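J.: To be precise about what I am sending: the file is called input.cif and holds mmCIF, C-alpha atoms.
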data_run
#
loop_
_atom_site.label_atom_id
_atom_site.label_comp_id
_atom_site.auth_asym_id
_atom_site.auth_seq_id
_atom_site.Cartn_x
_atom_site.Cartn_y
_atom_site.Cartn_z
CA MET S 124 -13.00 44.81 -2.42
CA SER S 125 -10.81 42.60 -0.23
CA THR S 126 -10.90 38.83 -0.43
CA THR S 127 -11.51 36.99 2.84
CA PRO S 128 -9.26 34.01 3.77
CA ALA S 129 -12.22 31.65 3.48
CA ALA S 130 -13.00 32.79 -0.07
CA SER S 131 -9.33 32.55 -1.01
CA SER S 132 -9.08 28.98 0.33
CA ARG S 133 -12.16 27.91 -1.65
CA SER S 134 -10.55 29.12 -4.87
CA THR S 135 -7.42 27.00 -4.29
CA PRO S 136 -7.16 24.37 -7.05
CA PRO S 137 -7.49 20.74 -5.94
CA ALA S 138 -4.38 18.63 -5.46
CA PRO S 139 -3.15 16.69 -8.50
CA ARG S 140 -4.64 13.22 -8.70
CA TRP S 141 -1.25 11.52 -8.38
CA ARG S 142 -0.77 13.23 -4.99
CA ARG S 143 -4.15 12.39 -3.47
CA LYS S 144 -4.22 10.07 -0.48
CA ALA S 145 -6.87 7.73 -1.86
CA THR S 146 -5.02 7.37 -5.17
CA VAL S 147 -1.68 6.56 -3.56
CA VAL S 148 -3.08 4.22 -0.92
CA MET S 149 -5.39 2.28 -3.22
CA GLY S 150 -2.73 2.07 -5.95
CA THR S 151 -0.21 0.62 -3.49
CA VAL S 152 -2.75 -1.81 -2.04
CA LEU S 153 -3.60 -2.99 -5.56
CA LEU S 154 0.05 -3.66 -6.36
CA ALA S 155 0.55 -5.61 -3.13
CA ALA S 156 -2.62 -7.60 -3.77
CA LEU S 157 -1.40 -8.44 -7.27
CA ALA S 158 1.91 -9.66 -5.84
CA PHE S 159 0.01 -11.88 -3.41
CA GLY S 160 -2.23 -13.08 -6.22
CA THR S 161 0.71 -14.32 -8.27
CA THR S 162 1.66 -16.70 -5.46
CA THR S 163 -1.67 -18.52 -5.84
CA ARG S 164 -0.81 -19.39 -9.45
CA THR S 165 1.63 -21.93 -10.88
CA TRP S 166 5.21 -20.68 -10.95
CA LEU S 167 7.02 -23.87 -11.96
CA ASN S 168 6.06 -26.87 -14.07
CA VAL S 169 8.20 -29.85 -13.12
CA THR S 170 8.62 -32.93 -15.29
CA LEU S 171 10.00 -35.82 -13.27
CA PRO S 172 11.61 -38.98 -14.66
CA ALA S 173 8.75 -41.22 -15.75
CA THR S 174 10.42 -44.25 -14.21
CA ASP S 175 10.28 -42.78 -10.70
CA VAL S 176 6.64 -41.72 -10.43
CA VAL S 177 3.27 -42.57 -11.92
CA THR S 178 2.44 -38.92 -12.63
CA PRO S 179 5.64 -37.19 -13.83
CA ASP S 180 4.18 -33.66 -14.13
CA VAL S 181 4.08 -31.50 -10.99
CA ALA S 182 2.81 -27.91 -10.82
CA VAL S 183 4.44 -25.77 -8.10
CA ALA S 184 2.52 -22.71 -6.89
CA GLY S 185 4.31 -19.50 -5.98
CA SER S 186 3.36 -19.91 -2.33
CA ASP S 187 5.43 -23.13 -2.29
CA ALA S 188 8.26 -22.00 -4.55
CA ALA S 189 8.80 -18.58 -2.90
CA THR S 190 7.13 -18.28 0.50
CA ALA S 191 8.92 -14.95 1.06
CA VAL S 192 6.89 -13.34 -1.72
CA THR S 193 3.65 -14.13 0.11
CA ALA S 194 4.98 -12.71 3.38
CA PHE S 195 6.31 -9.50 1.83
CA ALA S 196 3.06 -8.97 -0.10
CA VAL S 197 1.00 -9.23 3.08
CA VAL S 198 3.29 -6.73 4.82
CA ALA S 199 2.93 -4.33 1.88
CA VAL S 200 -0.88 -4.51 2.00
CA ALA S 201 -0.94 -3.80 5.74
CA ALA S 202 1.55 -0.93 5.41
CA ALA S 203 -0.38 0.72 2.56
CA LEU S 204 -3.65 0.59 4.51
CA ALA S 205 -1.96 2.01 7.62
CA ALA S 206 -0.75 4.99 5.57
CA ALA S 207 -4.35 6.18 5.26
CA ILE S 208 -4.47 7.16 8.94
CA ALA S 209 -0.78 7.64 9.73
CA GLY S 210 0.88 10.92 10.62
CA ARG S 211 3.66 12.54 8.63
CA ILE S 212 6.57 10.77 10.38
CA ALA S 213 4.76 7.43 10.32
CA ARG S 214 4.19 7.81 6.58
CA TRP S 215 7.93 8.11 6.03
CA ILE S 216 8.44 4.90 8.01
CA ILE S 217 5.70 3.18 6.01
CA GLY S 218 7.39 4.32 2.80
CA VAL S 219 10.61 2.60 3.91
CA ILE S 220 8.67 -0.56 4.78
CA LEU S 221 7.12 -0.57 1.31
CA VAL S 222 10.53 -0.16 -0.33
CA ILE S 223 11.85 -3.11 1.69
CA SER S 224 8.77 -5.23 0.98
CA GLY S 225 8.87 -4.51 -2.74
CA SER S 226 12.58 -5.26 -2.88
CA GLY S 227 11.96 -8.52 -1.03
CA VAL S 228 9.30 -9.57 -3.53
CA ALA S 229 11.59 -8.73 -6.46
CA VAL S 230 14.64 -10.52 -5.01
CA ALA S 231 12.70 -13.66 -4.07
CA SER S 232 11.15 -13.80 -7.54
CA TYR S 233 14.52 -13.34 -9.23
CA ARG S 234 15.97 -16.23 -7.25
CA ILE S 235 13.27 -18.53 -8.59
CA ILE S 236 13.87 -17.31 -12.14
CA SER S 237 17.64 -17.79 -11.85
CA ASP S 238 17.45 -21.18 -10.07
CA PRO S 239 14.06 -22.82 -10.69
CA LEU S 240 15.28 -26.25 -9.58
CA GLN S 241 15.93 -24.90 -6.08
CA GLY S 242 12.42 -23.46 -5.96
CA ALA S 243 10.94 -26.81 -7.00
CA ALA S 244 13.06 -28.85 -4.58
CA GLY S 245 10.29 -29.15 -2.00
CA ALA S 246 7.71 -30.39 -4.51
CA ILE S 247 10.21 -32.82 -6.02
CA GLY S 248 11.05 -34.16 -2.58
CA LYS S 249 7.39 -34.85 -1.85
CA ALA S 250 6.98 -36.66 -5.16
CA ILE S 251 10.04 -38.91 -5.23
CA GLY S 252 11.61 -38.59 -1.77
CA VAL S 253 14.71 -36.63 -2.87
CA SER S 254 15.08 -32.97 -3.77
CA SER S 255 16.49 -33.64 -7.22
CA ALA S 256 16.84 -36.44 -9.73
CA GLU S 257 18.62 -36.92 -13.03
CA GLY S 258 16.34 -36.13 -15.94
CA THR S 259 14.15 -33.67 -14.01
CA ALA S 260 13.08 -30.67 -16.08
CA VAL S 261 11.71 -27.45 -14.57
CA GLU S 262 9.85 -24.87 -16.66
CA VAL S 263 9.33 -21.31 -15.34
CA THR S 264 5.92 -19.76 -16.05
CA ALA S 265 5.21 -16.04 -16.50
CA MET S 266 4.20 -15.57 -12.84
CA PRO S 267 7.70 -15.13 -11.34
CA TYR S 268 8.46 -12.49 -13.96
CA ALA S 269 5.19 -10.71 -13.15
CA ALA S 270 6.01 -10.82 -9.42
CA LEU S 271 9.47 -9.41 -10.14
CA VAL S 272 8.00 -6.41 -11.97
CA ILE S 273 5.29 -5.89 -9.34
CA GLY S 274 7.90 -6.00 -6.57
CA ILE S 275 9.85 -3.20 -8.24
CA LEU S 276 6.63 -1.19 -8.58
CA ILE S 277 5.83 -1.70 -4.87
CA ALA S 278 9.28 -0.36 -3.96
CA LEU S 279 8.68 2.66 -6.21
CA ALA S 280 5.25 3.09 -4.59
CA GLY S 281 7.03 3.45 -1.24
CA VAL S 282 8.94 6.42 -2.65
CA TRP S 283 5.73 7.75 -4.20
CA LEU S 284 3.92 7.56 -0.86
CA SER S 285 6.74 9.33 0.97
CA LEU S 286 6.74 12.21 -1.51
CA ALA S 287 2.98 12.57 -1.87
CA GLY S 288 2.36 12.10 1.86
CA ARG S 289 4.10 15.38 2.66
CA HIS S 290 1.03 17.20 1.34
CA TRP S 291 -1.63 15.15 3.15
CA SER S 292 -3.53 16.33 6.19
CA THR S 293 -3.92 13.92 9.08
CA SER S 294 -7.47 12.63 9.50
CA ARG S 295 -9.21 14.67 12.23
CA ARG S 296 -10.59 11.49 13.81
CA TYR S 297 -7.07 10.46 14.82
CA ALA S 298 -5.62 13.92 15.43
CA ALA S 299 -4.68 14.99 18.97
CA PRO S 300 -6.85 17.74 20.54
CA ALA S 301 -5.56 21.28 20.07
CA ALA S 302 -3.57 22.87 22.89
CA GLY S 303 -6.06 25.73 23.16
CA ALA S 304 -8.96 23.31 23.60
CA ALA S 305 -7.06 21.49 26.33
CA GLY S 306 -6.38 24.77 28.10
CA ASP S 307 -10.07 25.68 27.99
CA ARG S 308 -11.00 22.39 29.61
CA GLU S 309 -8.41 22.85 32.34
CA GLY S 310 -9.52 26.42 32.99
CA GLY S 311 -13.15 25.40 33.15
CA THR S 312 -14.31 27.65 30.30
CA GLY S 313 -16.30 25.96 27.61
CA ALA S 314 -17.54 29.01 25.69
CA ASN S 315 -15.83 30.15 22.52
CA THR S 316 -15.45 33.80 21.64
CA PRO S 317 -16.71 35.05 18.26
CA GLY S 318 -13.09 35.48 17.16
CA ASP S 319 -12.29 31.86 18.03
CA ALA S 320 -15.34 30.65 16.14
CA ALA S 321 -14.36 32.67 13.07
CA ALA S 322 -10.78 31.39 13.23
CA GLY S 323 -12.00 27.80 13.52
CA SER S 324 -14.29 28.29 10.54
CA ASN S 325 -11.42 29.65 8.45
CA ASP S 326 -9.18 26.73 9.49
CA ARG S 327 -11.82 24.23 8.42
CA ASP S 328 -12.24 25.98 5.11
CA ALA S 329 -8.50 26.17 4.53
CA GLU S 330 -7.87 22.49 5.30
CA PRO S 331 -8.21 20.31 2.19
CA VAL S 332 -10.60 17.43 2.51
CA ASP S 333 -9.62 14.33 0.57
CA GLU S 334 -11.68 11.24 -0.15
CA ILE S 335 -10.77 9.38 3.05
CA ASP S 336 -11.48 12.42 5.26
CA GLY S 337 -14.82 12.70 3.47
CA TRP S 338 -15.69 9.12 4.46
CA ASP S 339 -14.75 9.96 8.05
CA GLN S 340 -17.19 12.89 8.01
CA LEU S 341 -19.94 10.76 6.49
CA SER S 342 -19.45 8.17 9.25
CA ARG S 343 -20.10 10.97 11.78
CA GLY S 344 -23.28 11.99 9.96
CA GLU S 345 -21.74 15.16 8.48
CA ASP S 346 -21.91 16.36 4.89
CA PRO S 347 -18.32 16.86 3.60
CA THR S 348 -19.59 19.10 0.77
CA ASP S 349 -21.35 21.53 3.15
CA LYS S 350 -18.73 24.24 3.46
#
Starting from the file, give its structure as structure tokens.
T.:
Amino acid sequence: MSTTPAASSRSTPPAPRWRRKATVVMGTVLLAALAFGTTTRTWLNVTLPATDVVTPDVAVAGSDAATAVTAFAVVAVAAALAAAIAGRIARWIIGVILVISGSGVAVASYRIISDPLQGAAGAIGKAIGVSSAEGTAVEVTAMPYAALVIGILIALAGVWLSLAGRHWSTSRRYAAPAAGAAGDREGGTGANTPGDAAAGSNDRDAEPVDEIDGWDQLSRGEDPTDK
């Protein structure tokens, strides 16, 4: 008894979880969001000379100490979300953008760790009118170190996306119409032959449906499990 293509495609094992579109996209978005979240916390605790100010302790947030981290994190979030609907070539470009964004987060964080006084210069200037003063002490919190690690992970996520994205199918909502369908419209024939209908059914069965494609079908009122 021969096995039909449709039956063979249904028996194909699902893609590994690490390679699934939803896993890669949501994992990358989470990393970028964590990088952005670190910038809302205190990165530097500055102790100014007590003779110069009434309140010598100043807390410097990451958004003030390293504005580049905030910018790169936002770019990484947008790039990861765009990967959900991007084509194969666009996904490679997005992977490069993520590598650059992650590297930017890591480098900016390392600069604060290696030279905290430079990162606190703006806050010190607002407090005493000059960017530095003798007796000023700057303490680095755990947040710059966390951002450094997260930045490296974002860069690695760019490589992860590029490798896993080779196995993704483009969402049908954003796919261009098939050449055969365009030819039918130009020729004025709208009817499909039984052979065309069978081929289309086999193609739909053979094409893997991931979580994001399933949401697209639900938004059109279709049942993604009805195969």
J.: Taking the file as I've supplied it (selection: the PyMOL selection byres ((chain S and resi 188) around 9)), which residues are included? Please answer as a ChimeraX atom specification.
T.: /S:162,166-167,183-187,189-190,235,239,241-246
J.: Report as a list in words all protein, DNA and RNA residues lying within 8 Å of Met266 in chain S, evaluated on all atoms listed in the file, omitting residues in the same chain fewer than 2 positions from it.
T.: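 Answer for this query is Thr161, Thr162, Arg164, Thr165, Trp166, Gly185, Thr264, Tyr268, Ala269 and Ala270 of chain S.
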J.: For range 233-237 of chain S, what centre and edge lengths in Å (one decimal) does the axis-aligned box get once 3 Å is added on each side of all its listed atoms, as lines of an AutoDock Vina configuration file?
T.:
center_x = 15.5
center_y = -15.9
center_z = -9.7
size_x = 10.4
size_y = 11.2
size_z = 10.9
J.: If you measure from CA of Gly227 in chain S to CA of Ala250 in chain S, what distance in Å do you get, rounded to one decimal?
T.: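 Answer for the CA of Gly227 in chain S to CA of Ala250 in chain S separation: 28.9 Å.
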J.: Which polymer residues have any atom within 8 Å of an atom of Ala196 in chain S, counting only C-alpha atoms, with same-chain residues fewer than 4 positions away left out, as number ranges by chain?
T.: S: 155-156, 158-159, 192, 200, 224-225, 228
J.: Smallest atom-to-atom distance to Ile223 in chain S: which of S:Ala203, S:Ile277, S:Val261, S:Val272, using only C-alpha atoms?
T.: S:Ile277
J.: Please indicate the distance in Å from CA of Gly288 in chain S to CA of Ser232 in chain S, rounded to one decimal place.
T.: 28.9 Å
J.: Select, from S:Ile273, S:Leu153, S:Val198, S:Ala209, the residue with the minimum atom-to-atom distance to Leu221 in chain S, counting only C-alpha atoms.
T.: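 Closest candidate: S:Val198.
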J.: Enumerate, as a tab-separated table (two decimals) with C-alpha atoms, in the coordinates of the input, the protein, DNA and RNA residues whose atoms approach (-2.4, 6.4, -3.8) to within 10 Å, taking into account all atoms listed in the file and the coordinate frame of the file.
T.:
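result-v1.tsv, written as the output of this step:
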chain	number	residue	atom	x	y	z
S	140	ARG	CA	-4.64	13.22	-8.70
S	141	TRP	CA	-1.25	11.52	-8.38
S	142	ARG	CA	-0.77	13.23	-4.99
S	143	ARG	CA	-4.15	12.39	-3.47
S	144	LYS	CA	-4.22	10.07	-0.48
S	145	ALA	CA	-6.87	7.73	-1.86
S	146	THR	CA	-5.02	7.37	-5.17
S	147	VAL	CA	-1.68	6.56	-3.56
S	148	VAL	CA	-3.08	4.22	-0.92
S	149	MET	CA	-5.39	2.28	-3.22
S	150	GLY	CA	-2.73	2.07	-5.95
S	151	THR	CA	-0.21	0.62	-3.49
S	152	VAL	CA	-2.75	-1.81	-2.04
S	153	LEU	CA	-3.60	-2.99	-5.56
S	203	ALA	CA	-0.38	0.72	2.56
S	206	ALA	CA	-0.75	4.99	5.57
S	207	ALA	CA	-4.35	6.18	5.26
S	280	ALA	CA	5.25	3.09	-4.59
S	283	TRP	CA	5.73	7.75	-4.20
S	284	LEU	CA	3.92	7.56	-0.86
S	287	ALA	CA	2.98	12.57	-1.87
S	288	GLY	CA	2.36	12.10	1.86
J.: So how many Å separate CA of Arg289 in chain S and CA of Arg214 in chain S, to one decimal?
T.: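 Value for the CA of Arg289 in chain S-CA of Arg214 in chain S distance: 8.5 Å.
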J.: Leaving out Ala191 in chain S and any residue of its chain fewer than 3 positions from it, which residues lie within 7 Å of it when counting all atoms listed in the file, given as a PyMOL selection string?
T.: chain S and resi 194-195+231
J.: Env of Thr170 in chain S: 7 Å cut, atoms = only C-alpha atoms, seq-sep filter 4 positions within chain, self excluded. Answer as a list in words.
T.: Pro179, Asp180, Val181, Thr259, Ala260 and Val261 of chain S
J.: Would you write out, as a list in words, every residue that the PyMOL selection byres ((chain S and resi 217) around 10) captures in this file?
T.: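 That selection, the PyMOL selection byres ((chain S and resi 217) around 10), comes back as Ala199, Ala201, Ala202, Ala203, Leu204, Ala205, Ala206, Ala209, Arg211, Ile212, Ala213, Arg214, Trp215, Ile216, Gly218, Val219, Ile220, Leu221, Val222, Ile223, Gly281, Val282, Leu284 and Ser285 of chain S.
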